[in-house]
Amino acid sequence: MLVSSAGIFLDLLLNLTLLVALSILSGFLEKRLPRTSSSGVLMQGALFGLTAILGMLRPLVLGPGLIFDGRSVMISLCALFFGPAAVAVAAFPVIAYRVSLGGPGMVMGVLTVISSSAIGLATRYRFKPVERPPTWLQLYVFGLVVHAAMLLGAFTIPESNGLATLQRIGLPVMLLYPLATILAGKILSDQVVALQNLTALRDSEERFKLSMEATSDGLWDLDVVTDRAYYNPAYYHILGYEPDEFEAEGQTWRRLLHPDDLEKALAADRACIEGERDFIDAEYRMKAKNGEWRWIYARGKCISRGKDGRALRLVGTHLDITDRKVAEERLVRSLAEKEVLLREVHHRVKNNLNVVSSLLNLQSAVIETPGQALAAFQNSRDRIMAMSLAHEELYKSQDYTQVDMSQYLGELFNQLLVAYDAEGRIKLSLDVRNIVLSVNAAIPCGLIINELITNAFKYAYPGGGHGEVRVTLSKPDDGSLELRTADDGIGFPVDHPAAGGSSLGLTLVKLLVDQLGGELEVSSHPGGGSEFRIRFRDGDPA
């Protein structure tokens with residue numbers, strides 16, 4: 001049966017419409033069984049093979065056993081976009097069906113399926129269409145190559161019918177089939193692009209989700225018109241809630257704001273909504289589920305505005321900065337403490353220098369001989385040492401306002417024993433009972449003890465005698481402090497200067513007791529030792 005040229009074009013067009021339907025069905029299948037899975041690839045091959053066979057049921061017939069249809073386009077695109085497994089599933093039943101039809105064009109038909117598969121696979125491995133979808137020009141060249149190879153198979157038709165076949169079908173095939181390849185190929189390419197975009201979107205969402213989880217930042221998205229919002233799980237967790245435990249609304253956010261921060265936070269929000277600025281950058285407190293106030297650093301941006309310039313949508317993040325705020329407050333307090341400490345150091349240095357100056361003035365008033373001058377230097381050295389030891393103990397501790405008297409007096413005892421070469425001769429006993437005094441009380445106490453022990457060394461054990469000096473610092477039940485210094489030396493008679501307090505050392509002791517706001521009691525009996533008892537309160541006097 002002869003077919004006119006117009007009929008050839010019409011039959012080919014009708015046959016190739018099946019190819020467009022195939023491309024659409026392929027996309028439908030891709031959404032449910034992705035090509036990344038083995039089952040998805042095999043199902044695509046089955047779909048392309050079945051559609052090719054359906055096209056062969058309504059072919060363009062040039063003569064008995066000489067048929068043309070769209071199988072070359074289908075098989076080549078299946079190989080190009082879905083790979084060897086899919087094209088194997090598609091090609092084998094098509095070849096089997098074409099062999100069953102027989103006829104002089106059987107060999108050409110089988111070779112068409114094989115060449116289309118081979119060209120499709122070679123192009124796939126060369127250009128990787130799944131990574132870089134082909135352009136329309138690349139698809140057109142691909143279609144020309146596939147169908148040029150198909151037409152070369154016409155020379156396998158016996159009895160010189162191949163040339164006649166080429167003359168009748170060559171032009172329509174080379175005109176229509178590459179165009180059909182472009183059409184179907186672009187649909188499949190668009191599916192690849194859509195799949196890539198979807199994968200990229202999913203990856204982006206996954207990265208965004210992971211990054212938000214890693215940083216524990218709360219994400220919010222507010223529809224300004226409806227006041228409805230989206231809060232991610234971290235937003236709820238920052239405030240101690242489970243996701244969706246409170247309504248995702250702007251009203252909820254406003255309700256959780258600290259009253260003192262409400263106006264400031266709303267002003268930042270209004271400025272962005274009304275168009276004064278595009279960004280929100282604010283710090284405020286929000287009430288957590290347990291009733292605590294959490295410091296929040298909020299950043300946001302206007303995503304879209306209406307024609308009047310008013311914001312329609314705001315998105316942003318919440319960062320819990322409570323720990324940072326606590327650290328900042330601690331640093332501010334620490335800085336204030338350091339400033340107070342610096343002023344206190346200046347004050348103490350000035351006071352201590354004044355004390356040293358006063359001691360030297362008192363000492364100079366009684367110097368008449370070189371021996372007295374030497375003794376005065378030694379006494380002054382001991383007094384300055386007593387003051388410096390108090391400050392040394394003070395700065396060893398973490399608290400720059402109090403002195404551990406046990407440590408301080410122990411160091412002072414050791415220094416005095418060495419200074420007066422009394423080790424092994426005079427025993428010093430200390431009972432302080434974990435007393436801690438302010439520095440303004442510790443230094444006078446240290447000077448008092450320095451004077452009393454020095455006097456004991458000088459006068460209680462004449463001729464290098466042996467003995468014991470006892471110092472006790474305790475807290476009676478009335479809350480006051482009691483300092484006792486006693487020795488078992490020779491004591492002193494009633495007319496001794498110590499009894500009347502006329503010596504420089506005893507005069508200094510009385511001045512220091514007055515500075516402490518305390519009371520001094522002196523008792524002594526010849527041959528029975530002496531005792532000094534001082535009662536005072538640690539009121540941290542200036």
# chains A, B, ... in the order shown; residues from 1 in each chain; ligands from 1

call {"tool": "select_by_dssp", "arguments": {"residues": "segment 173-296 of chain A", "states": "alpha helix (DSSP H)", "output": "ChimeraX atom specification"}}
result
/A:173-215,233-238,250-256,262-273

call {"tool": "write_last_selection", "arguments": {"atoms": "C-alpha atoms", "output": "PDB file, in the first residue's frame"}}
result
ATOM      1  CA  VAL A 173      12.414  11.307   9.643  1.00  0.00           C
ATOM      2  CA  MET A 174      15.302  13.810   9.690  1.00  0.00           C
ATOM      3  CA  LEU A 175      12.862  16.687   9.962  1.00  0.00           C
ATOM      4  CA  LEU A 176      10.394  15.389  12.539  1.00  0.00           C
ATOM      5  CA  TYR A 177      12.269  12.906  14.725  1.00  0.00           C
ATOM      6  CA  PRO A 178      14.999  15.322  15.928  1.00  0.00           C
ATOM      7  CA  LEU A 179      12.258  17.854  16.704  1.00  0.00           C
ATOM      8  CA  ALA A 180      10.386  15.197  18.659  1.00  0.00           C
ATOM      9  CA  THR A 181      13.643  14.407  20.455  1.00  0.00           C
ATOM     10  CA  ILE A 182      13.942  18.080  21.415  1.00  0.00           C
ATOM     11  CA  LEU A 183      10.352  18.221  22.667  1.00  0.00           C
ATOM     12  CA  ALA A 184      10.456  15.047  24.740  1.00  0.00           C
ATOM     13  CA  GLY A 185      14.049  15.672  25.814  1.00  0.00           C
ATOM     14  CA  LYS A 186      13.264  19.148  27.117  1.00  0.00           C
ATOM     15  CA  ILE A 187      10.366  17.774  29.145  1.00  0.00           C
ATOM     16  CA  LEU A 188      12.694  15.185  30.651  1.00  0.00           C
ATOM     17  CA  SER A 189      15.410  17.857  31.140  1.00  0.00           C
ATOM     18  CA  ASP A 190      12.947  20.070  32.936  1.00  0.00           C
ATOM     19  CA  GLN A 191      12.139  17.142  35.193  1.00  0.00           C
ATOM     20  CA  VAL A 192      15.859  16.781  35.964  1.00  0.00           C
ATOM     21  CA  VAL A 193      16.123  20.505  36.725  1.00  0.00           C
ATOM     22  CA  ALA A 194      13.034  20.310  38.924  1.00  0.00           C
ATOM     23  CA  LEU A 195      14.513  17.308  40.720  1.00  0.00           C
ATOM     24  CA  GLN A 196      17.810  19.151  41.204  1.00  0.00           C
ATOM     25  CA  ASN A 197      15.984  22.204  42.529  1.00  0.00           C
ATOM     26  CA  LEU A 198      13.910  20.051  44.842  1.00  0.00           C
ATOM     27  CA  THR A 199      17.020  18.234  46.083  1.00  0.00           C
ATOM     28  CA  ALA A 200      18.830  21.531  46.559  1.00  0.00           C
ATOM     29  CA  LEU A 201      15.826  22.908  48.429  1.00  0.00           C
ATOM     30  CA  ARG A 202      15.681  19.853  50.667  1.00  0.00           C
ATOM     31  CA  ASP A 203      19.435  20.038  51.274  1.00  0.00           C
ATOM     32  CA  SER A 204      19.140  23.737  52.011  1.00  0.00           C
ATOM     33  CA  GLU A 205      16.286  23.115  54.416  1.00  0.00           C
ATOM     34  CA  GLU A 206      18.246  20.315  56.063  1.00  0.00           C
ATOM     35  CA  ARG A 207      21.340  22.506  56.401  1.00  0.00           C
ATOM     36  CA  PHE A 208      19.208  25.327  57.752  1.00  0.00           C
ATOM     37  CA  LYS A 209      17.539  22.978  60.223  1.00  0.00           C
ATOM     38  CA  LEU A 210      20.881  21.537  61.343  1.00  0.00           C
ATOM     39  CA  SER A 211      22.445  24.972  61.658  1.00  0.00           C
ATOM     40  CA  MET A 212      19.490  26.231  63.692  1.00  0.00           C
ATOM     41  CA  GLU A 213      19.708  23.158  65.939  1.00  0.00           C
ATOM     42  CA  ALA A 214      23.483  23.559  66.272  1.00  0.00           C
ATOM     43  CA  THR A 215      23.245  27.207  67.294  1.00  0.00           C
ATOM     44  CA  PRO A 233      11.194  24.264  68.206  1.00  0.00           C
ATOM     45  CA  ALA A 234      14.301  26.116  69.468  1.00  0.00           C
ATOM     46  CA  TYR A 235      12.185  29.260  69.977  1.00  0.00           C
ATOM     47  CA  TYR A 236      10.040  27.345  72.474  1.00  0.00           C
ATOM     48  CA  HIS A 237      13.015  25.564  74.077  1.00  0.00           C
ATOM     49  CA  ILE A 238      14.767  28.861  74.859  1.00  0.00           C
ATOM     50  CA  GLY A 250       2.668  38.151  67.852  1.00  0.00           C
ATOM     51  CA  GLN A 251       0.313  38.695  70.783  1.00  0.00           C
ATOM     52  CA  THR A 252       1.996  35.822  72.660  1.00  0.00           C
ATOM     53  CA  TRP A 253       5.408  37.405  72.149  1.00  0.00           C
ATOM     54  CA  ARG A 254       4.129  40.739  73.491  1.00  0.00           C
ATOM     55  CA  ARG A 255       2.581  39.026  76.510  1.00  0.00           C
ATOM     56  CA  LEU A 256       5.879  37.331  77.444  1.00  0.00           C
ATOM     57  CA  LEU A 262       7.972  46.226  76.566  1.00  0.00           C
ATOM     58  CA  GLU A 263       8.000  49.758  75.157  1.00  0.00           C
ATOM     59  CA  LYS A 264      11.576  49.459  73.894  1.00  0.00           C
ATOM     60  CA  ALA A 265      10.858  46.159  72.107  1.00  0.00           C
ATOM     61  CA  LEU A 266       7.599  47.423  70.578  1.00  0.00           C
ATOM     62  CA  ALA A 267       9.326  50.616  69.385  1.00  0.00           C
ATOM     63  CA  ALA A 268      11.959  48.565  67.518  1.00  0.00           C
ATOM     64  CA  ASP A 269       9.175  46.461  66.012  1.00  0.00           C
ATOM     65  CA  ARG A 270       7.090  49.478  64.953  1.00  0.00           C
ATOM     66  CA  ALA A 271      10.086  51.174  63.334  1.00  0.00           C
ATOM     67  CA  CYS A 272      10.551  48.173  61.042  1.00  0.00           C
ATOM     68  CA  ILE A 273       6.850  47.711  60.346  1.00  0.00           C
TER      69      ILE A 273
END

call {"tool": "residues_around", "arguments": {"residues": "segment 283-297 of chain A", "least_positions_apart": "5", "cutoff": "6 Å", "atoms": "only C-alpha atoms", "output": "PDB file with C-alpha atoms, in the first residue's frame"}}
result
ATOM      1  CA  LEU A 239      11.854  29.707  77.165  1.00  0.00           C
ATOM      2  CA  GLY A 240      11.559  26.187  78.569  1.00  0.00           C
ATOM      3  CA  LEU A 256       5.879  37.331  77.444  1.00  0.00           C
ATOM      4  CA  LEU A 257       7.938  40.551  77.340  1.00  0.00           C
ATOM      5  CA  HIS A 258       9.258  42.032  80.573  1.00  0.00           C
ATOM      6  CA  ASP A 261      11.399  46.211  78.216  1.00  0.00           C
ATOM      7  CA  HIS A 318      16.041  34.865  68.881  1.00  0.00           C
ATOM      8  CA  LEU A 319      19.328  34.194  70.654  1.00  0.00           C
ATOM      9  CA  ASP A 320      19.418  33.456  74.393  1.00  0.00           C
ATOM     10  CA  ILE A 321      22.060  35.832  75.806  1.00  0.00           C
ATOM     11  CA  THR A 322      21.204  35.384  79.481  1.00  0.00           C
TER      12      THR A 322
END

call {"tool": "residues_around", "arguments": {"residues": "Met74 of chain A", "least_positions_apart": "3", "cutoff": "7 Å", "atoms": "only C-alpha atoms", "output": "list in words"}}
result
Leu19, Phe48, Ala52, Gly70, Arg71, Leu77 and Cys78 of chain A

call {"tool": "write_last_selection", "arguments": {"atoms": "C-alpha atoms", "output": "tab-separated table (two decimals), in the first residue's frame"}}
result
chain	number	residue	atom	x	y	z
A	19	LEU	CA	6.16	10.37	23.01
A	48	PHE	CA	9.50	3.47	28.04
A	52	ALA	CA	7.46	1.97	22.48
A	70	GLY	CA	8.77	6.52	17.60
A	71	ARG	CA	10.74	3.71	19.30
A	77	LEU	CA	16.01	9.15	25.58
A	78	CYS	CA	15.52	6.28	28.03

call {"tool": "closest_residue", "arguments": {"among": "A:Pro158, A:Gly491, A:Gly528, A:Pro134", "to": "Gly105 of chain A", "atoms": "only C-alpha atoms"}}
result
A:Pro158

call {"tool": "atom_distance", "arguments": {"atom1": "atom CA of Leu219 of chain A", "atom2": "atom CA of Asn232 of chain A"}}
result
5.3 Å

call {"tool": "select_by_dssp", "arguments": {"residues": "segment 457-489 of chain A", "states": "strand (DSSP E)", "output": "ChimeraX atom specification"}}
result
/A:467-474,481-487

call {"tool": "write_last_selection", "arguments": {"atoms": "N, CA and C atoms", "output": "mmCIF file, in the first residue's frame"}}
result
data_model
loop_
_atom_site.group_PDB
_atom_site.id
_atom_site.type_symbol
_atom_site.label_atom_id
_atom_site.label_comp_id
_atom_site.auth_asym_id
_atom_site.auth_seq_id
_atom_site.Cartn_x
_atom_site.Cartn_y
_atom_site.Cartn_z
ATOM 1 N N GLY A 467 61.606 31.300 128.731
ATOM 2 C CA GLY A 467 60.221 31.450 129.152
ATOM 3 C C GLY A 467 59.246 31.261 128.000
ATOM 4 N N GLU A 468 58.014 31.667 128.244
ATOM 5 C CA GLU A 468 56.952 31.494 127.255
ATOM 6 C C GLU A 468 56.090 32.746 127.204
ATOM 7 N N VAL A 469 55.796 33.171 125.991
ATOM 8 C CA VAL A 469 54.873 34.283 125.767
ATOM 9 C C VAL A 469 53.643 33.719 125.065
ATOM 10 N N ARG A 470 52.455 34.013 125.624
ATOM 11 C CA ARG A 470 51.201 33.466 125.084
ATOM 12 C C ARG A 470 50.328 34.606 124.552
ATOM 13 N N VAL A 471 49.796 34.387 123.347
ATOM 14 C CA VAL A 471 48.876 35.362 122.735
ATOM 15 C C VAL A 471 47.579 34.636 122.406
ATOM 16 N N THR A 472 46.471 35.187 122.882
ATOM 17 C CA THR A 472 45.147 34.605 122.631
ATOM 18 C C THR A 472 44.234 35.672 122.043
ATOM 19 N N LEU A 473 43.557 35.320 120.960
ATOM 20 C CA LEU A 473 42.548 36.201 120.356
ATOM 21 C C LEU A 473 41.271 35.395 120.240
ATOM 22 N N SER A 474 40.231 35.837 120.944
ATOM 23 C CA SER A 474 38.990 35.053 120.993
ATOM 24 C C SER A 474 37.779 35.973 120.894
ATOM 25 N N LEU A 481 35.634 41.193 120.835
ATOM 26 C CA LEU A 481 36.879 40.458 120.646
ATOM 27 C C LEU A 481 37.784 40.719 121.846
ATOM 28 N N GLU A 482 38.506 39.684 122.239
ATOM 29 C CA GLU A 482 39.413 39.829 123.379
ATOM 30 C C GLU A 482 40.809 39.374 122.974
ATOM 31 N N LEU A 483 41.772 40.285 123.140
ATOM 32 C CA LEU A 483 43.168 40.001 122.846
ATOM 33 C C LEU A 483 43.940 39.950 124.164
ATOM 34 N N ARG A 484 44.615 38.805 124.393
ATOM 35 C CA ARG A 484 45.415 38.653 125.622
ATOM 36 C C ARG A 484 46.862 38.355 125.224
ATOM 37 N N THR A 485 47.765 39.068 125.905
ATOM 38 C CA THR A 485 49.188 38.791 125.756
ATOM 39 C C THR A 485 49.770 38.636 127.159
ATOM 40 N N ALA A 486 50.354 37.464 127.410
ATOM 41 C CA ALA A 486 50.860 37.169 128.752
ATOM 42 C C ALA A 486 52.232 36.515 128.660
ATOM 43 N N ASP A 487 53.054 36.765 129.678
ATOM 44 C CA ASP A 487 54.368 36.109 129.751
ATOM 45 C C ASP A 487 54.580 35.592 131.166
#

call {"tool": "residues_around", "arguments": {"residues": "Leu152 of chain A", "least_positions_apart": "5", "cutoff": "10 Å", "atoms": "only C-alpha atoms", "output": "compact mmCIF listing (two decimals) with C-alpha atoms, in the first residue's frame"}}
result
# COMPACT_ATOMS: atom_id res chain seq x y z
CA MET A 108 16.68 -2.62 10.51
CA LEU A 111 19.49 -2.43 14.77
CA THR A 112 17.53 0.79 15.39
CA HIS A 147 18.15 8.94 13.43
CA GLY A 162 16.55 0.14 1.27
CA LEU A 163 17.31 2.98 -1.15
CA LEU A 166 15.38 6.14 2.31
CA GLY A 170 14.48 9.96 4.96

call {"tool": "residues_around", "arguments": {"residues": "Phe28 of chain A", "least_positions_apart": "4", "cutoff": "12 Å", "atoms": "only C-alpha atoms", "output": "list in words"}}
result
Ala21, Leu22, Ser23, Ile24, Arg32, Leu33, Pro34, Arg35, Gly40, Met43, Gln44, Leu47, Ile187, Leu188 and Gln191 of chain A

call {"tool": "residues_around", "arguments": {"residues": "Val436 of chain A", "least_positions_apart": "6", "cutoff": "9 Å", "atoms": "only C-alpha atoms", "output": "short mmCIF file (atom, residue, chain, number, x, y, z; two decimals) with N, CA and C atoms, in the first residue's frame"}}
result
data_model
loop_
_atom_site.label_atom_id
_atom_site.label_comp_id
_atom_site.auth_asym_id
_atom_site.auth_seq_id
_atom_site.Cartn_x
_atom_site.Cartn_y
_atom_site.Cartn_z
N GLN A 402 39.68 41.56 104.37
CA GLN A 402 39.79 40.86 105.65
C GLN A 402 41.11 40.09 105.73
N VAL A 403 41.58 39.93 106.98
CA VAL A 403 42.87 39.26 107.23
C VAL A 403 42.63 38.07 108.14
N ASP A 404 43.20 36.91 107.73
CA ASP A 404 43.16 35.72 108.58
C ASP A 404 44.21 35.91 109.67
N MET A 405 43.76 36.14 110.92
CA MET A 405 44.68 36.49 112.00
C MET A 405 45.59 35.32 112.38
N SER A 406 45.14 34.10 112.20
CA SER A 406 45.98 32.95 112.52
C SER A 406 47.23 32.94 111.63
N ALA A 442 42.97 44.66 111.91
CA ALA A 442 44.09 43.72 111.95
C ALA A 442 45.42 44.44 112.14
#

call {"tool": "residues_around", "arguments": {"residues": "Ile490 of chain A", "least_positions_apart": "2", "cutoff": "12 Å", "atoms": "only C-alpha atoms", "output": "mmCIF file with N, CA and C atoms, in the first residue's frame"}}
result
data_model
loop_
_atom_site.group_PDB
_atom_site.id
_atom_site.type_symbol
_atom_site.label_atom_id
_atom_site.label_comp_id
_atom_site.auth_asym_id
_atom_site.auth_seq_id
_atom_site.Cartn_x
_atom_site.Cartn_y
_atom_site.Cartn_z
ATOM 1 N N ALA A 456 58.286 42.131 126.052
ATOM 2 C CA ALA A 456 58.549 40.910 126.815
ATOM 3 C C ALA A 456 59.963 40.407 126.539
ATOM 4 N N PHE A 457 60.357 40.433 125.249
ATOM 5 C CA PHE A 457 61.717 40.002 124.905
ATOM 6 C C PHE A 457 62.771 40.849 125.623
ATOM 7 N N LYS A 458 62.474 42.159 125.705
ATOM 8 C CA LYS A 458 63.483 43.084 126.261
ATOM 9 C C LYS A 458 63.556 43.042 127.782
ATOM 10 N N TYR A 459 62.370 42.959 128.431
ATOM 11 C CA TYR A 459 62.341 43.192 129.881
ATOM 12 C C TYR A 459 61.942 41.989 130.729
ATOM 13 N N ALA A 460 61.189 41.029 130.166
ATOM 14 C CA ALA A 460 60.658 39.951 131.011
ATOM 15 C C ALA A 460 61.687 38.878 131.322
ATOM 16 N N TYR A 461 62.694 38.731 130.469
ATOM 17 C CA TYR A 461 63.663 37.658 130.667
ATOM 18 C C TYR A 461 65.080 38.224 130.609
ATOM 19 N N PRO A 462 65.484 38.946 131.637
ATOM 20 C CA PRO A 462 66.823 39.546 131.627
ATOM 21 C C PRO A 462 67.910 38.471 131.712
ATOM 22 N N GLY A 463 69.076 38.849 131.160
ATOM 23 C CA GLY A 463 70.218 37.931 131.243
ATOM 24 C C GLY A 463 70.061 36.705 130.381
ATOM 25 N N GLY A 465 67.277 34.865 129.875
ATOM 26 C CA GLY A 465 66.438 33.854 130.490
ATOM 27 C C GLY A 465 65.484 33.197 129.504
ATOM 28 N N HIS A 466 64.934 32.057 129.946
ATOM 29 C CA HIS A 466 63.982 31.302 129.132
ATOM 30 C C HIS A 466 62.564 31.514 129.647
ATOM 31 N N GLY A 467 61.606 31.300 128.731
ATOM 32 C CA GLY A 467 60.221 31.450 129.152
ATOM 33 C C GLY A 467 59.246 31.261 128.000
ATOM 34 N N GLU A 468 58.014 31.667 128.244
ATOM 35 C CA GLU A 468 56.952 31.494 127.255
ATOM 36 C C GLU A 468 56.090 32.746 127.204
ATOM 37 N N ALA A 486 50.354 37.464 127.410
ATOM 38 C CA ALA A 486 50.860 37.169 128.752
ATOM 39 C C ALA A 486 52.232 36.515 128.660
ATOM 40 N N ASP A 487 53.054 36.765 129.678
ATOM 41 C CA ASP A 487 54.368 36.109 129.751
ATOM 42 C C ASP A 487 54.580 35.592 131.166
ATOM 43 N N ASP A 488 55.565 34.732 131.330
ATOM 44 C CA ASP A 488 55.877 34.186 132.651
ATOM 45 C C ASP A 488 57.238 34.699 133.131
ATOM 46 N N PHE A 492 56.759 43.316 136.500
ATOM 47 C CA PHE A 492 57.330 44.629 136.797
ATOM 48 C C PHE A 492 56.644 45.207 138.022
ATOM 49 N N PRO A 493 57.379 45.992 138.771
ATOM 50 C CA PRO A 493 56.801 46.573 140.000
ATOM 51 C C PRO A 493 55.788 47.640 139.676
ATOM 52 N N SER A 524 50.280 42.733 136.589
ATOM 53 C CA SER A 524 51.624 42.186 136.717
ATOM 54 C C SER A 524 51.993 42.063 138.181
ATOM 55 N N HIS A 525 52.798 41.050 138.478
ATOM 56 C CA HIS A 525 53.295 40.835 139.834
ATOM 57 C C HIS A 525 54.752 40.437 139.719
ATOM 58 N N PRO A 526 55.584 41.067 140.499
ATOM 59 C CA PRO A 526 57.003 40.713 140.442
ATOM 60 C C PRO A 526 57.199 39.209 140.623
ATOM 61 N N GLY A 527 57.914 38.614 139.668
ATOM 62 C CA GLY A 527 58.181 37.176 139.712
ATOM 63 C C GLY A 527 57.042 36.341 139.201
ATOM 64 N N GLY A 528 55.883 36.973 138.886
ATOM 65 C CA GLY A 528 54.728 36.190 138.441
ATOM 66 C C GLY A 528 54.314 36.498 137.025
ATOM 67 N N GLY A 529 55.102 37.259 136.276
ATOM 68 C CA GLY A 529 54.765 37.574 134.893
ATOM 69 C C GLY A 529 53.802 38.730 134.792
ATOM 70 N N SER A 530 53.437 39.044 133.563
ATOM 71 C CA SER A 530 52.523 40.160 133.293
ATOM 72 C C SER A 530 51.511 39.759 132.233
ATOM 73 N N GLU A 531 50.389 40.466 132.221
ATOM 74 C CA GLU A 531 49.322 40.158 131.263
ATOM 75 C C GLU A 531 48.661 41.454 130.811
#

call {"tool": "atom_distance", "arguments": {"atom1": "atom CA of Leu314 of chain A", "atom2": "atom CA of Ser216 of chain A"}}
result
20.0 Å
